[in-house]
Amino acid sequence: MVRNDKLVHTPFRKRESDYMATPEVTIVGKKEVVAGADGGRASFAFKLNTMPDMWWRYRFATNLEDPPKGVHRSAIRVDIQDDTLLLICMPTRLDAKYAFIKATIAKTNSDHPNPAEPEPRARGDFGR
């Protein structure tokens with residue numbers, strides 16, 4: 001439906017929301033820990049405030065490829081399933097890995113386009 005020149009989605013019995021509007025993703029809680037998940041590593045499940053869209057997930061995965069000094073990308077596994085982020089790492093290195101994940105979420109949020117702002121270039125304007 002269109003309301004006030006905006007395309008909105010109105011789910012059954014819920015408040016309307018802007019269509020395709022993605023809120024910033026944040027970790028809102030810890031769900032569970034499974035020890036010994038993979039060669040002494042543990043699986044830490046964290047609840048997210050929303051289910052990230054495909055664009056956000058792609059940017060997050062790209063941003064994970066640039067870890068800070070002291071965090072080895074091969075020593076960390078991250079998976080997002082619906083509104084749950086799974087972090088698999090050695091329990092003794094959780095603090096450093098969690099800080100890296102939180103910083104990566106913040107960077108990805110800042111990279112994510114704001115649907116209220118126009119695209120920087122029109123389609124077909126690349127390289128001009």
# chains A, B, ... in the order shown; residues from 1 in each chain; ligands from 1

$ residues_around --residues "Leu94 of chain A" --least-positions-apart "2" --cutoff "12 Å" --atoms "only C-alpha atoms" --output "list in words"
Val33, Arg41, Ala42, Ser43, Phe44, Val71, Ala75, Ile76, Arg77, Leu87, Ile88, Cys89, Met90, Pro91, Thr92, Ala96, Lys97, Tyr98, Ala99, Phe100, Ile101 and Lys102 of chain A

$ atom_distance --atom1 "atom CA of Ile27 of chain A" --atom2 "atom CA of Gly39 of chain A"
26.0 Å

$ closest_residue --among "A:Gly29, A:Asp79, A:Gly70, A:Met54" --to "Asp95 of chain A" --atoms "only C-alpha atoms"
A:Gly70

$ decode --residues "segment 19-54 of chain A" --atoms "N, CA, C and O atoms" --output "short mmCIF file (atom, residue, chain, number, x, y, z; two decimals), in the first residue's frame"
data_model
loop_
_atom_site.label_atom_id
_atom_site.label_comp_id
_atom_site.auth_asym_id
_atom_site.auth_seq_id
_atom_site.Cartn_x
_atom_site.Cartn_y
_atom_site.Cartn_z
N TYR A 19 8.36 -0.47 3.78
CA TYR A 19 8.73 -1.66 3.04
C TYR A 19 10.23 -1.62 2.75
O TYR A 19 10.76 -0.61 2.33
N MET A 20 10.91 -2.69 2.98
CA MET A 20 12.34 -2.84 2.75
C MET A 20 13.21 -2.00 3.68
O MET A 20 14.39 -1.83 3.44
N ALA A 21 12.65 -1.44 4.72
CA ALA A 21 13.45 -0.69 5.68
C ALA A 21 14.11 -1.70 6.62
O ALA A 21 13.44 -2.52 7.22
N THR A 22 15.42 -1.65 6.72
CA THR A 22 16.15 -2.58 7.57
C THR A 22 16.74 -1.82 8.75
O THR A 22 17.51 -0.89 8.54
N PRO A 23 16.36 -2.18 9.97
CA PRO A 23 16.94 -1.48 11.12
C PRO A 23 18.40 -1.86 11.28
O PRO A 23 18.87 -2.85 10.72
N GLU A 24 19.13 -1.07 12.08
CA GLU A 24 20.50 -1.45 12.39
C GLU A 24 20.48 -2.77 13.15
O GLU A 24 19.61 -3.00 13.99
N VAL A 25 21.42 -3.62 12.85
CA VAL A 25 21.51 -4.93 13.49
C VAL A 25 22.35 -4.78 14.76
O VAL A 25 23.41 -4.16 14.74
N THR A 26 21.85 -5.33 15.86
CA THR A 26 22.60 -5.33 17.12
C THR A 26 22.43 -6.67 17.81
O THR A 26 21.44 -7.38 17.60
N ILE A 27 23.39 -7.00 18.64
CA ILE A 27 23.28 -8.19 19.49
C ILE A 27 22.49 -7.76 20.72
O ILE A 27 22.85 -6.80 21.39
N VAL A 28 21.39 -8.47 21.00
CA VAL A 28 20.54 -8.10 22.12
C VAL A 28 20.58 -9.12 23.26
O VAL A 28 19.98 -8.88 24.31
N GLY A 29 21.28 -10.22 23.07
CA GLY A 29 21.35 -11.20 24.16
C GLY A 29 22.12 -12.44 23.77
O GLY A 29 22.40 -12.69 22.60
N LYS A 30 22.47 -13.21 24.78
CA LYS A 30 23.16 -14.47 24.58
C LYS A 30 22.12 -15.58 24.66
O LYS A 30 21.28 -15.57 25.56
N LYS A 31 22.16 -16.52 23.72
CA LYS A 31 21.17 -17.60 23.71
C LYS A 31 21.69 -18.87 24.37
O LYS A 31 21.09 -19.39 25.28
N GLU A 32 22.81 -19.38 23.85
CA GLU A 32 23.34 -20.64 24.41
C GLU A 32 24.80 -20.81 24.04
O GLU A 32 25.31 -20.17 23.14
N VAL A 33 25.45 -21.70 24.77
CA VAL A 33 26.85 -22.05 24.51
C VAL A 33 26.92 -23.57 24.42
O VAL A 33 26.38 -24.28 25.27
N VAL A 34 27.57 -24.05 23.35
CA VAL A 34 27.78 -25.49 23.20
C VAL A 34 29.28 -25.71 23.18
O VAL A 34 29.97 -25.29 22.24
N ALA A 35 29.80 -26.33 24.24
CA ALA A 35 31.25 -26.57 24.36
C ALA A 35 31.66 -27.76 23.51
O ALA A 35 30.88 -28.68 23.28
N GLY A 36 32.90 -27.72 23.06
CA GLY A 36 33.45 -28.85 22.30
C GLY A 36 32.81 -29.02 20.94
O GLY A 36 32.72 -30.13 20.43
N ALA A 37 32.38 -27.93 20.32
CA ALA A 37 31.68 -28.01 19.05
C ALA A 37 32.60 -28.44 17.91
O ALA A 37 32.17 -29.14 17.01
N ASP A 38 33.87 -28.04 17.95
CA ASP A 38 34.75 -28.30 16.81
C ASP A 38 36.21 -28.23 17.28
O ASP A 38 36.77 -27.14 17.38
N GLY A 39 36.81 -29.37 17.61
CA GLY A 39 38.21 -29.40 18.01
C GLY A 39 38.54 -28.54 19.21
O GLY A 39 39.53 -27.83 19.20
N GLY A 40 37.70 -28.56 20.24
CA GLY A 40 37.93 -27.76 21.43
C GLY A 40 37.27 -26.39 21.37
O GLY A 40 37.21 -25.68 22.36
N ARG A 41 36.79 -26.03 20.21
CA ARG A 41 36.08 -24.75 20.08
C ARG A 41 34.69 -24.87 20.69
O ARG A 41 34.18 -25.96 20.88
N ALA A 42 34.12 -23.73 20.98
CA ALA A 42 32.75 -23.70 21.49
C ALA A 42 31.90 -22.88 20.53
O ALA A 42 32.39 -22.00 19.82
N SER A 43 30.62 -23.18 20.52
CA SER A 43 29.67 -22.44 19.69
C SER A 43 28.88 -21.51 20.61
O SER A 43 28.21 -21.97 21.53
N PHE A 44 28.99 -20.21 20.35
CA PHE A 44 28.29 -19.20 21.14
C PHE A 44 27.17 -18.63 20.28
O PHE A 44 27.44 -18.09 19.20
N ALA A 45 25.93 -18.76 20.73
CA ALA A 45 24.79 -18.26 19.98
C ALA A 45 24.31 -16.95 20.61
O ALA A 45 24.07 -16.88 21.81
N PHE A 46 24.20 -15.91 19.77
CA PHE A 46 23.75 -14.59 20.22
C PHE A 46 22.47 -14.21 19.47
O PHE A 46 22.37 -14.42 18.27
N LYS A 47 21.53 -13.64 20.20
CA LYS A 47 20.26 -13.18 19.62
C LYS A 47 20.47 -11.80 19.02
O LYS A 47 21.03 -10.91 19.66
N LEU A 48 20.00 -11.62 17.77
CA LEU A 48 20.03 -10.33 17.10
C LEU A 48 18.66 -9.67 17.21
O LEU A 48 17.65 -10.35 17.37
N ASN A 49 18.62 -8.36 17.10
CA ASN A 49 17.36 -7.64 17.21
C ASN A 49 16.47 -7.81 15.98
O ASN A 49 15.28 -7.51 16.02
N THR A 50 17.04 -8.30 14.88
CA THR A 50 16.29 -8.46 13.63
C THR A 50 16.95 -9.54 12.80
O THR A 50 18.07 -9.97 13.09
N MET A 51 16.26 -9.96 11.76
CA MET A 51 16.84 -10.91 10.81
C MET A 51 17.46 -10.09 9.68
O MET A 51 16.74 -9.44 8.92
N PRO A 52 18.79 -10.04 9.58
CA PRO A 52 19.44 -9.21 8.56
C PRO A 52 19.07 -9.64 7.14
O PRO A 52 18.90 -10.83 6.87
N ASP A 53 18.97 -8.64 6.25
CA ASP A 53 18.66 -8.96 4.86
C ASP A 53 19.91 -9.50 4.16
O ASP A 53 21.00 -9.52 4.72
N MET A 54 19.72 -9.95 2.93
CA MET A 54 20.83 -10.58 2.20
C MET A 54 21.97 -9.60 1.95
O MET A 54 23.13 -9.98 2.01
#
